[in-house]
$ cat my_file09.cif   # mmCIF, C-alpha atoms
data_data
loop_
_atom_site.label_atom_id
_atom_site.label_comp_id
_atom_site.auth_asym_id
_atom_site.auth_seq_id
_atom_site.Cartn_x
_atom_site.Cartn_y
_atom_site.Cartn_z
CA GLY A 1 17.70 69.05 -61.65
CA TYR A 2 15.54 69.51 -64.68
CA LYS A 3 16.95 70.89 -67.93
CA THR A 4 16.07 71.38 -71.60
CA ASN A 5 17.95 70.48 -74.77
CA LEU A 6 18.63 73.54 -76.93
CA GLY A 7 18.87 71.51 -80.15
CA CYS A 8 15.40 70.03 -79.65
CA ILE A 9 13.87 73.44 -79.06
CA LEU A 10 15.63 74.86 -82.13
CA LEU A 11 14.42 71.94 -84.25
CA LEU A 12 10.81 72.57 -83.24
CA CYS A 13 11.23 76.31 -83.88
CA THR A 14 12.78 75.82 -87.33
CA THR A 15 10.05 73.31 -88.20
CA MET A 16 7.40 75.88 -87.30
CA LEU A 17 9.30 78.56 -89.28
CA SER A 18 9.41 76.35 -92.38
CA ILE A 19 5.63 75.87 -92.22
CA MET A 20 4.85 79.54 -91.62
CA GLY A 21 7.31 80.71 -94.29
CA ASN A 22 5.85 78.61 -97.11
CA ASP A 23 2.53 78.21 -98.89
CA ILE A 24 1.87 74.52 -98.24
CA PRO A 25 -1.11 72.69 -99.83
CA GLN A 26 -3.64 71.89 -97.14
CA PHE A 27 -3.86 68.19 -98.00
CA PHE A 28 -0.35 67.75 -96.50
CA LYS A 29 -1.82 68.78 -93.10
CA PRO A 30 1.45 70.31 -91.82
CA TRP A 31 0.14 71.71 -88.52
CA PRO A 32 -1.54 68.51 -87.23
CA ARG A 33 1.61 66.58 -88.19
CA PHE A 34 3.78 69.14 -86.43
CA ALA A 35 1.62 68.90 -83.29
CA LEU A 36 2.09 65.12 -83.27
CA PHE A 37 5.85 65.51 -83.77
CA ALA A 38 6.03 68.05 -80.93
CA LEU A 39 4.24 65.54 -78.68
CA VAL A 40 6.86 62.90 -79.56
CA MET A 41 9.67 65.35 -78.81
CA ILE A 42 8.22 66.29 -75.44
CA SER A 43 7.48 62.72 -74.35
CA CYS A 44 10.38 60.72 -75.81
CA SER A 45 13.30 62.89 -76.92
CA PRO A 46 16.04 64.50 -74.77
CA MET A 47 14.17 67.81 -75.04
CA LEU A 48 13.23 67.62 -71.34
CA SER A 49 15.29 65.77 -68.75
CA GLY A 50 15.26 65.25 -65.01
CA PRO A 51 15.22 62.34 -62.53
CA GLY A 52 11.54 61.47 -62.98
CA ILE A 53 11.42 62.24 -66.70
CA ASN A 54 14.58 60.22 -67.36
CA LYS A 55 13.14 57.16 -65.66
CA VAL A 56 10.01 57.43 -67.79
CA HIS A 57 12.18 57.76 -70.91
CA ARG A 58 14.12 54.61 -70.00
CA GLN A 59 10.97 52.60 -69.36
CA ILE A 60 9.28 53.81 -72.57
CA ASN A 61 12.43 52.99 -74.51
CA MET A 62 12.71 49.45 -73.16
CA GLY A 63 9.00 48.99 -73.88
CA GLY A 64 9.57 50.14 -77.45
CA LEU A 65 12.43 47.68 -77.90
CA TRP A 66 10.35 44.82 -76.53
CA ALA A 67 7.53 45.83 -78.90
CA CYS A 68 9.98 45.59 -81.82
CA ALA A 69 10.99 42.12 -80.64
CA ILE A 70 7.39 40.94 -80.32
CA ILE A 71 6.47 42.24 -83.79
CA THR A 72 9.56 40.63 -85.33
CA LEU A 73 9.12 37.23 -83.71
CA TRP A 74 5.36 37.27 -84.34
CA SER A 75 6.07 37.95 -88.02
CA PHE A 76 8.61 35.09 -88.02
CA VAL A 77 5.99 32.66 -86.73
CA ALA A 78 3.36 34.07 -89.11
CA TYR A 79 5.67 33.47 -92.08
CA PHE A 80 5.77 29.72 -91.44
CA THR A 81 2.10 29.43 -90.46
CA GLY A 82 0.95 31.31 -93.56
CA GLN A 83 -0.62 34.15 -91.56
CA GLY A 84 1.82 36.88 -92.64
CA GLN A 85 0.94 39.59 -95.16
CA TYR A 86 2.70 40.45 -98.43
CA ILE A 87 2.84 43.66 -100.43
CA ALA A 88 2.44 43.51 -104.20
CA GLY A 89 4.94 45.26 -106.46
CA PHE A 90 8.07 44.42 -108.41
CA VAL A 91 8.55 41.77 -105.73
CA ASN A 92 6.04 40.37 -103.25
CA GLY A 93 7.78 41.72 -100.17
CA TYR A 94 6.89 40.08 -96.86
CA MET A 95 5.59 42.56 -94.30
CA GLY A 96 4.48 40.09 -91.61
CA VAL A 97 2.07 41.68 -89.13
CA THR A 98 3.14 45.24 -90.07
CA GLY A 99 1.97 47.59 -92.84
CA HIS A 100 5.08 47.50 -95.05
CA PRO A 101 8.26 45.40 -95.54
CA ASN A 102 10.41 48.43 -94.68
CA PHE A 103 8.65 48.73 -91.32
CA LEU A 104 9.26 45.07 -90.56
CA GLY A 105 12.89 45.43 -91.67
CA PHE A 106 13.43 48.28 -89.23
CA TYR A 107 11.88 46.38 -86.30
CA ALA A 108 13.92 43.27 -87.10
CA MET A 109 17.15 45.30 -87.42
CA VAL A 110 16.67 46.98 -84.04
CA THR A 111 15.69 43.67 -82.40
CA MET A 112 18.67 41.88 -83.91
CA VAL A 113 21.21 44.38 -82.54
CA ALA A 114 19.51 44.50 -79.12
CA LEU A 115 19.57 40.69 -78.90
CA ALA A 116 23.25 40.64 -79.83
CA SER A 117 23.94 42.84 -76.79
CA LEU A 118 21.63 40.79 -74.55
CA PHE A 119 23.42 37.60 -75.59
CA PHE A 120 26.51 38.69 -73.66
CA ARG A 121 24.41 39.33 -70.58
CA CYS A 122 23.21 35.72 -70.48
CA THR A 123 24.30 33.79 -67.41
CA ASN A 124 23.61 30.21 -68.56
CA MET A 125 23.36 28.06 -71.68
CA LYS A 126 19.54 28.04 -71.69
CA GLU A 127 19.44 31.83 -71.93
CA ARG A 128 22.08 31.82 -74.69
CA ILE A 129 20.10 29.28 -76.73
CA ILE A 130 16.88 31.33 -76.42
CA ILE A 131 18.51 34.66 -77.28
CA GLY A 132 20.61 33.09 -80.05
CA SER A 133 17.55 31.44 -81.60
CA CYS A 134 15.63 34.71 -81.56
CA TRP A 135 18.63 36.43 -83.16
CA ALA A 136 18.64 33.82 -85.95
CA ALA A 137 14.89 34.36 -86.43
CA CYS A 138 15.62 38.06 -87.03
CA ILE A 139 17.96 37.11 -89.89
CA VAL A 140 15.23 35.07 -91.56
CA VAL A 141 12.71 37.91 -91.17
CA LEU A 142 15.17 40.43 -92.67
CA LEU A 143 15.85 38.16 -95.64
CA VAL A 144 12.19 37.48 -96.46
CA CYS A 145 11.17 41.14 -96.13
CA ALA A 146 14.02 41.94 -98.56
CA SER A 147 15.30 44.99 -96.70
CA ARG A 148 18.92 45.13 -97.82
CA SER A 149 19.99 48.13 -95.76
CA ALA A 150 18.34 46.79 -92.59
CA THR A 151 19.90 43.34 -93.10
CA GLY A 152 23.40 44.72 -93.57
CA LEU A 153 23.08 47.13 -90.65
CA GLY A 154 21.64 44.42 -88.41
CA LEU A 155 24.74 42.32 -88.98
CA VAL A 156 27.11 45.28 -88.60
CA GLY A 157 25.36 46.39 -85.40
CA SER A 158 25.61 42.86 -83.98
CA ILE A 159 29.34 42.78 -84.68
CA ILE A 160 29.78 46.17 -83.00
CA ALA A 161 27.78 44.97 -79.99
CA ALA A 162 30.01 41.90 -79.71
CA TYR A 163 33.17 43.99 -80.04
CA LEU A 164 32.09 46.44 -77.33
CA ARG A 165 31.36 43.64 -74.89
CA LEU A 166 34.63 41.79 -75.65
CA GLN A 167 36.95 44.70 -76.43
CA LYS A 168 39.25 43.83 -73.51
CA ASP A 169 39.35 40.10 -74.31
CA LYS A 170 40.99 39.55 -77.70
CA ALA A 171 40.98 35.76 -77.35
CA LYS A 172 37.21 35.66 -76.90
CA GLN A 173 36.81 38.05 -79.85
CA VAL A 174 38.77 35.77 -82.17
CA ARG A 175 36.92 32.69 -80.92
CA LEU A 176 33.55 34.38 -81.41
CA TYR A 177 34.35 35.55 -84.94
CA VAL A 178 35.64 32.10 -85.94
CA ILE A 179 32.50 30.45 -84.55
CA GLY A 180 30.37 33.08 -86.33
CA VAL A 181 32.01 32.43 -89.70
CA CYS A 182 31.65 28.67 -89.30
CA LEU A 183 27.97 28.99 -88.36
CA ALA A 184 27.36 31.29 -91.35
CA ILE A 185 28.92 28.77 -93.74
CA MET A 186 27.00 25.84 -92.26
CA SER A 187 23.67 27.69 -92.16
CA TRP A 188 23.88 29.09 -95.70
CA PRO A 189 22.12 26.08 -97.32
CA VAL A 190 19.24 26.66 -94.90
CA LEU A 191 19.13 30.45 -95.33
CA ALA A 192 19.70 30.56 -99.11
CA PRO A 193 16.04 29.90 -100.06
CA TYR A 194 14.95 32.93 -98.01
CA THR A 195 17.17 35.25 -100.08
CA GLU A 196 15.04 34.78 -103.20
CA THR A 197 12.89 37.84 -102.51
CA MET A 198 15.94 40.01 -101.90
CA MET A 199 17.53 38.86 -105.16
CA LYS A 200 14.35 39.73 -107.06
CA LYS A 201 14.41 43.22 -105.60
CA GLU A 202 17.09 44.19 -108.11
CA MET A 203 14.66 45.74 -110.58
CA ASN A 204 14.54 44.59 -114.15
CA PHE A 205 14.39 47.95 -115.88
CA ASP A 206 13.68 46.37 -119.27
CA ASP A 207 10.47 44.88 -117.90
CA GLY A 208 9.58 47.75 -115.60
CA GLY A 209 10.03 50.56 -118.11
CA GLU A 210 9.92 54.22 -117.17
CA ALA A 211 7.83 53.60 -114.06
CA ALA A 212 10.56 51.39 -112.61
CA ILE A 213 13.24 53.94 -113.39
CA ALA A 214 11.22 56.75 -111.80
CA ALA A 215 10.65 54.65 -108.71
CA THR A 216 14.33 54.29 -107.81
CA ARG A 217 15.66 55.90 -104.68
CA GLY A 218 17.99 58.01 -106.83
CA SER A 219 15.02 59.71 -108.45
CA ILE A 220 13.55 60.53 -105.05
CA TRP A 221 16.86 61.92 -103.85
CA ASP A 222 17.07 64.10 -106.96
CA LEU A 223 13.71 65.65 -106.06
CA ARG A 224 14.98 66.44 -102.57
CA TYR A 225 18.11 68.10 -104.01
CA GLN A 226 15.94 70.27 -106.26
CA GLU A 227 13.73 71.26 -103.34
CA LEU A 228 16.77 72.18 -101.23
CA ALA A 229 18.14 74.32 -104.06
CA LYS A 230 14.85 76.26 -104.19
CA SER A 231 14.88 77.15 -100.49
CA PRO A 232 18.16 76.27 -98.77
CA VAL A 233 17.64 78.25 -95.54
CA ILE A 234 14.17 77.30 -94.23
CA GLY A 235 13.24 74.65 -96.78
CA ILE A 236 10.03 74.26 -98.75
CA GLY A 237 7.98 73.54 -95.63
CA ALA A 238 7.88 70.70 -93.14
CA TYR A 239 5.68 67.71 -94.05
CA SER A 240 5.37 68.85 -97.66
CA CYS A 241 7.05 68.50 -101.03
CA ASP A 242 7.24 70.55 -104.22
CA THR A 243 4.29 69.27 -106.24
CA THR A 244 5.39 71.16 -109.38
CA LEU A 245 8.57 69.13 -109.98
CA PRO A 246 8.59 66.43 -112.70
CA ASN A 247 7.56 62.99 -111.37
CA ALA A 248 6.86 64.49 -107.92
CA ASP A 249 3.28 63.18 -108.04
CA ILE A 250 4.60 59.60 -107.95
CA PHE A 251 6.01 60.08 -104.48
CA TYR A 252 3.20 61.71 -102.54
CA ASP A 253 -0.41 60.78 -101.87
CA GLU A 254 -2.89 63.64 -102.08
CA LYS A 255 -5.52 61.61 -100.23
CA ASN A 256 -3.62 61.25 -96.94
CA GLY A 257 -0.75 63.71 -97.44
CA SER A 258 1.98 61.08 -97.09
CA ILE A 259 5.33 61.60 -98.84
CA GLU A 260 8.10 59.20 -99.88
CA LEU A 261 11.20 61.13 -98.78
CA GLY A 262 13.82 58.50 -99.65
CA SER A 263 16.12 59.68 -96.86
CA SER A 264 15.53 61.22 -93.44
CA TYR A 265 18.42 63.66 -93.85
CA LEU A 266 17.60 64.78 -97.38
CA GLY A 267 13.96 65.08 -96.33
CA LEU A 268 14.93 67.27 -93.38
CA LEU A 269 17.17 69.43 -95.59
CA ALA A 270 14.50 69.82 -98.26
CA GLN A 271 11.62 70.53 -95.88
CA CYS A 272 13.34 72.58 -93.14
CA GLY A 273 16.51 73.75 -94.89
CA TRP A 274 19.94 74.09 -93.35
CA LEU A 275 18.47 75.67 -90.22
CA GLY A 276 16.53 72.50 -89.47
CA PHE A 277 19.43 70.21 -90.35
CA ILE A 278 21.90 72.09 -88.15
CA SER A 279 19.38 72.01 -85.30
CA PHE A 280 19.22 68.22 -85.64
CA LEU A 281 23.02 67.96 -85.65
CA LEU A 282 23.09 69.88 -82.36
CA ILE A 283 21.03 67.01 -80.92
CA ALA A 284 22.52 63.98 -82.64
CA VAL A 285 26.27 64.68 -82.65
CA PRO A 286 26.79 65.39 -78.92
CA ILE A 287 24.58 62.48 -77.81
CA THR A 288 26.14 59.98 -80.22
CA TRP A 289 29.67 61.05 -79.28
CA LYS A 290 28.90 60.90 -75.55
CA THR A 291 27.39 57.43 -75.88
CA PHE A 292 30.38 56.26 -77.92
CA LYS A 293 32.82 57.45 -75.24
CA TYR A 294 30.92 55.76 -72.43
CA ALA A 295 30.66 52.56 -74.48
CA THR A 296 34.37 52.40 -75.36
CA GLN A 297 36.16 54.18 -72.51
CA GLN A 298 34.05 53.79 -69.36
CA ARG A 299 32.61 50.56 -70.86
CA THR A 300 29.28 50.82 -69.05
CA PRO A 301 26.65 48.18 -70.00
CA TYR A 302 24.04 50.91 -70.59
CA ALA A 303 26.10 52.69 -73.25
CA GLN A 304 27.33 49.43 -74.77
CA PHE A 305 23.73 48.28 -75.15
CA PHE A 306 22.31 51.44 -76.70
CA PHE A 307 25.21 52.71 -78.84
CA PRO A 308 25.05 49.97 -81.54
CA ILE A 309 21.25 50.36 -81.80
CA LEU A 310 21.50 54.15 -82.09
CA LEU A 311 24.33 53.92 -84.63
CA VAL A 312 22.52 51.55 -87.00
CA CYS A 313 19.38 53.73 -86.83
CA ILE A 314 21.42 56.85 -87.65
CA ILE A 315 22.91 55.11 -90.69
CA HIS A 316 19.57 53.56 -91.67
CA MET A 317 18.04 57.03 -91.89
CA PHE A 318 20.25 57.73 -94.90
CA PHE A 319 18.00 55.29 -96.80
CA GLU A 320 14.59 55.74 -95.16
CA GLY A 321 12.68 58.93 -94.33
CA TYR A 322 11.08 58.73 -90.89
CA LEU A 323 13.05 61.15 -88.67
CA MET A 324 10.17 63.64 -88.36
CA THR A 325 7.26 61.40 -89.40
CA ALA A 326 5.65 61.28 -85.97
CA GLY A 327 2.90 58.95 -87.19
CA ALA A 328 5.51 56.24 -87.83
CA ILE A 329 6.69 54.01 -85.00
CA GLN A 330 10.24 54.26 -86.40
CA CYS A 331 10.22 57.98 -85.65
CA VAL A 332 9.13 57.38 -82.06
CA ILE A 333 11.78 54.69 -81.51
CA VAL A 334 14.60 56.86 -82.91
CA TRP A 335 13.73 59.75 -80.62
CA MET A 336 13.33 57.34 -77.70
CA LEU A 337 16.88 56.14 -78.41
CA PHE A 338 18.22 59.69 -78.39
CA GLY A 339 16.39 60.29 -75.11
CA ALA A 340 17.83 57.10 -73.57
CA CYS A 341 21.38 57.65 -74.85
CA ASP A 342 21.43 61.18 -73.47
CA GLN A 343 21.42 59.59 -70.00
CA CYS A 344 24.55 57.48 -70.46
CA ASP A 345 26.57 59.88 -68.30
CA SER A 346 24.28 59.22 -65.32
CA VAL A 347 23.16 55.59 -65.85
CA ALA A 348 25.56 52.64 -66.01
CA ASP A 349 23.18 49.70 -66.36
CA TYR A 350 19.82 49.07 -67.99
CA PRO A 351 16.69 47.14 -67.00
CA VAL A 352 15.93 44.14 -69.18
CA ALA A 353 12.24 44.36 -68.33
CA TRP A 354 11.12 46.78 -65.62
CA GLU A 355 13.19 49.24 -63.58
CA LYS A 356 12.51 48.53 -59.92
CA GLU A 357 15.17 50.72 -58.32
CA ASP A 358 17.39 53.66 -59.18
CA PRO A 359 20.23 52.61 -61.52
CA ILE A 360 23.86 52.88 -60.49
CA THR A 361 25.96 55.70 -61.95
CA PRO A 362 28.99 55.16 -64.23
CA GLU A 363 31.28 56.15 -61.35
CA GLN A 364 29.72 53.53 -59.07
CA TYR A 365 29.94 50.90 -61.80
CA ILE A 366 33.60 51.60 -62.56
CA HIS A 367 34.44 51.45 -58.84
CA TRP A 368 32.62 48.11 -58.56
CA ARG A 369 34.38 46.74 -61.65
CA GLU A 370 37.80 47.79 -60.37
CA THR A 371 37.06 46.27 -56.95
CA ILE A 372 36.13 42.96 -58.56
CA ALA A 373 39.34 43.07 -60.63
CA GLU A 374 41.45 43.79 -57.54
CA ASP A 375 39.85 40.90 -55.64
CA GLY A 376 40.60 38.64 -58.59
CA ASP A 377 44.25 39.70 -58.63
CA LYS A 378 44.61 39.03 -54.89
CA ARG A 379 43.31 35.49 -55.36
#

$ encode --input "my_file09.cif" --output "structure tokens"
Amino acid sequence: GYKTNLGCILLLCTTMLSIMGNDIPQFFKPWPRFALFALVMISCSPMLSGPGINKVHRQINMGGLWACAIITLWSFVAYFTGQGQYIAGFVNGYMGVTGHPNFLGFYAMVTMVALASLFFRCTNMKERIIIGSCWAACIVVLLVCASRSATGLGLVGSIIAAYLRLQKDKAKQVRLYVIGVCLAIMSWPVLAPYTETMMKKEMNFDDGGEAAIAATRGSIWDLRYQELAKSPVIGIGAYSCDTTLPNADIFYDEKNGSIELGSSYLGLLAQCGWLGFISFLLIAVPITWKTFKYATQQRTPYAQFFFPILLVCIIHMFFEGYLMTAGAIQCVIVWMLFGACDQCDSVADYPVAWEKEDPITPEQYIHWRETIAEDGDKR
């Protein structure tokens, strides 16, 4: 039957409460932004679930992942053809066909982890070469866009994806890791030139002066801590910031109402207080734990595919603030992932492209796997 997720409803209610309970400057446009976020929650998140809704969630999610792959690979080609865009600053970060290097880094990170899982679904050498080449292209894109957190998490997520697929075959694990280390050593001379932008990202404070110091993520986090201290229960208001704090004007744009939060979790705490943060935990913790169990214990392909992607996004949100920014594609993808992972107790496999028939359940998959194992033992 159809059901609702209490955490999602509470998050929307606490977001509304934070807006109504604070005097927010109109240029932040909190209500239109909230309406857009509510639309994302209704259409993508686990807020509403049921047979028909769940199928739509799965298809939207796979479409979102394919969109990330297309953007990443298109940006890879554009880099070598000279069509890609750069952003000026302390370093000329490559942003490909997106609007910012951080956006491209997120898309490449998600694509990289998804491809790592797809690699172990390949049935022949041609498929492995194609998927492996696309995975390598993601590394190059991450290096040139100079997103350190996305690069590290992309690699970690790929390792987790490989472990989940091979957790019952230690020999294959060792062989894969040895091959991976050898390939990394051999490919370093080729990849090294692409790390130049990332190396330059370490700011030279002597040259940058006070502006460079103020622009560090630590300064942004300090603003969020101060905002949380002012209103710990309901926050200072969703989609806003305290404009009276020192250096606060550096991190928001009065023209379009955008804010540099520095972290999704600190942003949620500062804007919606502990009520909003606890509401989010009621969504994230149960779904993440359930997906982890189905990925490691039941070992269903569906959970093993989505868990590494969800995990790297959860960690990535410590460094980037897009959890409730409904106008950002990252926000939509994260909530799509929560919506897809919430179904891991009823779906055992995933469609690579388009879902043509009802998926098998974890119970059916485990029975099939055990039957195959028994037939193998008899032979």

$ residues_around --input "my_file09.cif" --residues "region 290-297 of chain A" --least-positions-apart "2" --cutoff "12 Å" --atoms "all atoms listed in the file" --output "PyMOL selection string"
chain A and resi 160-168+283-288+299-311+337-349+361-363+365-366

$ resolve_selection --input "my_file09.cif" --expression "the PyMOL selection byres ((chain A and resi 116) around 9)" --output "ChimeraX atom specification"
/A:111-115,117-120,131-132,135,157-159,161-162,305

$ axis_aligned_box --input "my_file09.cif" --around "region 356-366 of chain A" --padding-each-side "3 Å" --output "AutoDock Vina command-line options"
--center_x 23.1 --center_y 52.3 --center_z -61.3 --size_x 27.1 --size_y 13.6 --size_z 11.9

$ atom_distance --input "my_file09.cif" --atom1 "CA of Leu228 (chain A)" --atom2 "CA of Val334 (chain A)"
24.0 Å

$ residues_around --input "my_file09.cif" --residues "region 1-18 of chain A" --least-positions-apart "4" --cutoff "6 Å" --atoms "all atoms listed in the file" --output "number ranges by chain"
A: 47-50, 234, 237-238, 272, 276, 279, 282-283

$ write_last_selection --input "my_file09.cif" --atoms "C-alpha atoms" --output "PDB file, in the coordinates of the input"
ATOM      1  CA  MET A  47      14.170  67.810 -75.040  1.00  0.00           C
ATOM      2  CA  LEU A  48      13.230  67.620 -71.340  1.00  0.00           C
ATOM      3  CA  SER A  49      15.290  65.770 -68.750  1.00  0.00           C
ATOM      4  CA  GLY A  50      15.260  65.250 -65.010  1.00  0.00           C
ATOM      5  CA  ILE A 234      14.170  77.300 -94.230  1.00  0.00           C
ATOM      6  CA  GLY A 237       7.980  73.540 -95.630  1.00  0.00           C
ATOM      7  CA  ALA A 238       7.880  70.700 -93.140  1.00  0.00           C
ATOM      8  CA  CYS A 272      13.340  72.580 -93.140  1.00  0.00           C
ATOM      9  CA  GLY A 276      16.530  72.500 -89.470  1.00  0.00           C
ATOM     10  CA  SER A 279      19.380  72.010 -85.300  1.00  0.00           C
ATOM     11  CA  LEU A 282      23.090  69.880 -82.360  1.00  0.00           C
ATOM     12  CA  ILE A 283      21.030  67.010 -80.920  1.00  0.00           C
TER      13      ILE A 283
END

$ resolve_selection --input "my_file09.cif" --expression "the PyMOL selection byres ((chain A and resi 144-156) around 7)" --output "PyMOL selection string"
chain A and resi 93-95+101-102+105-106+109+112-113+140-143+157-160+194-195+197-198+312+316

$ write_last_selection --input "my_file09.cif" --atoms "C-alpha atoms" --output "PDB file, in the frame of the given file"
ATOM      1  CA  GLY A  93       7.780  41.720-100.170  1.00  0.00           C
ATOM      2  CA  TYR A  94       6.890  40.080 -96.860  1.00  0.00           C
ATOM      3  CA  MET A  95       5.590  42.560 -94.300  1.00  0.00           C
ATOM      4  CA  PRO A 101       8.260  45.400 -95.540  1.00  0.00           C
ATOM      5  CA  ASN A 102      10.410  48.430 -94.680  1.00  0.00           C
ATOM      6  CA  GLY A 105      12.890  45.430 -91.670  1.00  0.00           C
ATOM      7  CA  PHE A 106      13.430  48.280 -89.230  1.00  0.00           C
ATOM      8  CA  MET A 109      17.150  45.300 -87.420  1.00  0.00           C
ATOM      9  CA  MET A 112      18.670  41.880 -83.910  1.00  0.00           C
ATOM     10  CA  VAL A 113      21.210  44.380 -82.540  1.00  0.00           C
ATOM     11  CA  VAL A 140      15.230  35.070 -91.560  1.00  0.00           C
ATOM     12  CA  VAL A 141      12.710  37.910 -91.170  1.00  0.00           C
ATOM     13  CA  LEU A 142      15.170  40.430 -92.670  1.00  0.00           C
ATOM     14  CA  LEU A 143      15.850  38.160 -95.640  1.00  0.00           C
ATOM     15  CA  GLY A 157      25.360  46.390 -85.400  1.00  0.00           C
ATOM     16  CA  SER A 158      25.610  42.860 -83.980  1.00  0.00           C
ATOM     17  CA  ILE A 159      29.340  42.780 -84.680  1.00  0.00           C
ATOM     18  CA  ILE A 160      29.780  46.170 -83.000  1.00  0.00           C
ATOM     19  CA  TYR A 194      14.950  32.930 -98.010  1.00  0.00           C
ATOM     20  CA  THR A 195      17.170  35.250-100.080  1.00  0.00           C
ATOM     21  CA  THR A 197      12.890  37.840-102.510  1.00  0.00           C
ATOM     22  CA  MET A 198      15.940  40.010-101.900  1.00  0.00           C
ATOM     23  CA  VAL A 312      22.520  51.550 -87.000  1.00  0.00           C
ATOM     24  CA  HIS A 316      19.570  53.560 -91.670  1.00  0.00           C
TER      25      HIS A 316
END

$ atom_distance --input "my_file09.cif" --atom1 "CA of Phe319 (chain A)" --atom2 "CA of Ile185 (chain A)"
28.8 Å

$ closest_residue --input "my_file09.cif" --among "A:Gly267, A:Gly82, A:Gly21, A:Gly257" --to "Gly327 (chain A)" --atoms "all atoms listed in the file"
A:Gly257

$ resolve_selection --input "my_file09.cif" --expression "the PyMOL selection byres ((chain A and resi 258-266) around 9)" --output "PyMOL selection string"
chain A and resi 28+217-221+223-225+228+239-241+250-257+267-271+277+316-324

$ write_last_selection --input "my_file09.cif" --atoms "C-alpha atoms" --output "compact mmCIF listing (two decimals), in the coordinates of the input"
# COMPACT_ATOMS: atom_id res chain seq x y z
CA PHE A 28 -0.35 67.75 -96.50
CA ARG A 217 15.66 55.90 -104.68
CA GLY A 218 17.99 58.01 -106.83
CA SER A 219 15.02 59.71 -108.45
CA ILE A 220 13.55 60.53 -105.05
CA TRP A 221 16.86 61.92 -103.85
CA LEU A 223 13.71 65.65 -106.06
CA ARG A 224 14.98 66.44 -102.57
CA TYR A 225 18.11 68.10 -104.01
CA LEU A 228 16.77 72.18 -101.23
CA TYR A 239 5.68 67.71 -94.05
CA SER A 240 5.37 68.85 -97.66
CA CYS A 241 7.05 68.50 -101.03
CA ILE A 250 4.60 59.60 -107.95
CA PHE A 251 6.01 60.08 -104.48
CA TYR A 252 3.20 61.71 -102.54
CA ASP A 253 -0.41 60.78 -101.87
CA GLU A 254 -2.89 63.64 -102.08
CA LYS A 255 -5.52 61.61 -100.23
CA ASN A 256 -3.62 61.25 -96.94
CA GLY A 257 -0.75 63.71 -97.44
CA GLY A 267 13.96 65.08 -96.33
CA LEU A 268 14.93 67.27 -93.38
CA LEU A 269 17.17 69.43 -95.59
CA ALA A 270 14.50 69.82 -98.26
CA GLN A 271 11.62 70.53 -95.88
CA PHE A 277 19.43 70.21 -90.35
CA HIS A 316 19.57 53.56 -91.67
CA MET A 317 18.04 57.03 -91.89
CA PHE A 318 20.25 57.73 -94.90
CA PHE A 319 18.00 55.29 -96.80
CA GLU A 320 14.59 55.74 -95.16
CA GLY A 321 12.68 58.93 -94.33
CA TYR A 322 11.08 58.73 -90.89
CA LEU A 323 13.05 61.15 -88.67
CA MET A 324 10.17 63.64 -88.36

$ atom_distance --input "my_file09.cif" --atom1 "CA of Thr244 (chain A)" --atom2 "CA of Arg33 (chain A)"
22.0 Å

$ closest_residue --input "my_file09.cif" --among "A:Asn124, A:Gln59, A:Asn22, A:Gln83" --to "Asp242 (chain A)" --atoms "only C-alpha atoms"
A:Asn22

$ residues_around --input "my_file09.cif" --residues "Gly84 (chain A)" --least-positions-apart "5" --cutoff "6 Å" --atoms "all atoms listed in the file" --output "number ranges by chain"
A: 78-79, 96-97

$ residues_around --input "my_file09.cif" --residues "Ser43 (chain A)" --least-positions-apart "4" --cutoff "9 Å" --atoms "all atoms listed in the file" --output "PyMOL selection string"
chain A and resi 38-39+47-48+53+56-57+336

$ build_atoms --input "my_file09.cif" --residues "region 230-238 of chain A" --atoms "N, CA and C atoms" --output "PDB file, keeping the file's coordinate frame"
ATOM      1  N   LYS A 230      15.857  75.197-104.118  1.00  0.00           N
ATOM      2  CA  LYS A 230      14.850  76.260-104.190  1.00  0.00           C
ATOM      3  C   LYS A 230      14.790  77.093-102.917  1.00  0.00           C
ATOM      4  N   SER A 231      14.968  76.442-101.772  1.00  0.00           N
ATOM      5  CA  SER A 231      14.880  77.150-100.490  1.00  0.00           C
ATOM      6  C   SER A 231      15.861  76.538 -99.508  1.00  0.00           C
ATOM      7  N   PRO A 232      17.136  76.917 -99.597  1.00  0.00           N
ATOM      8  CA  PRO A 232      18.160  76.270 -98.770  1.00  0.00           C
ATOM      9  C   PRO A 232      18.138  76.648 -97.293  1.00  0.00           C
ATOM     10  N   VAL A 233      17.564  77.771 -96.929  1.00  0.00           N
ATOM     11  CA  VAL A 233      17.640  78.250 -95.540  1.00  0.00           C
ATOM     12  C   VAL A 233      16.550  77.627 -94.674  1.00  0.00           C
ATOM     13  N   ILE A 234      15.272  77.828 -95.045  1.00  0.00           N
ATOM     14  CA  ILE A 234      14.170  77.300 -94.230  1.00  0.00           C
ATOM     15  C   ILE A 234      13.434  76.151 -94.911  1.00  0.00           C
ATOM     16  N   GLY A 235      13.872  75.757 -96.099  1.00  0.00           N
ATOM     17  CA  GLY A 235      13.240  74.650 -96.780  1.00  0.00           C
ATOM     18  C   GLY A 235      11.924  75.016 -97.442  1.00  0.00           C
ATOM     19  N   ILE A 236      11.287  74.026 -98.040  1.00  0.00           N
ATOM     20  CA  ILE A 236      10.030  74.260 -98.750  1.00  0.00           C
ATOM     21  C   ILE A 236       8.815  74.085 -97.840  1.00  0.00           C
ATOM     22  N   GLY A 237       9.073  73.722 -96.582  1.00  0.00           N
ATOM     23  CA  GLY A 237       7.980  73.540 -95.630  1.00  0.00           C
ATOM     24  C   GLY A 237       7.932  72.128 -95.076  1.00  0.00           C
ATOM     25  N   ALA A 238       7.916  72.016 -93.769  1.00  0.00           N
ATOM     26  CA  ALA A 238       7.880  70.700 -93.140  1.00  0.00           C
ATOM     27  C   ALA A 238       6.620  69.939 -93.537  1.00  0.00           C
TER      28      ALA A 238
END
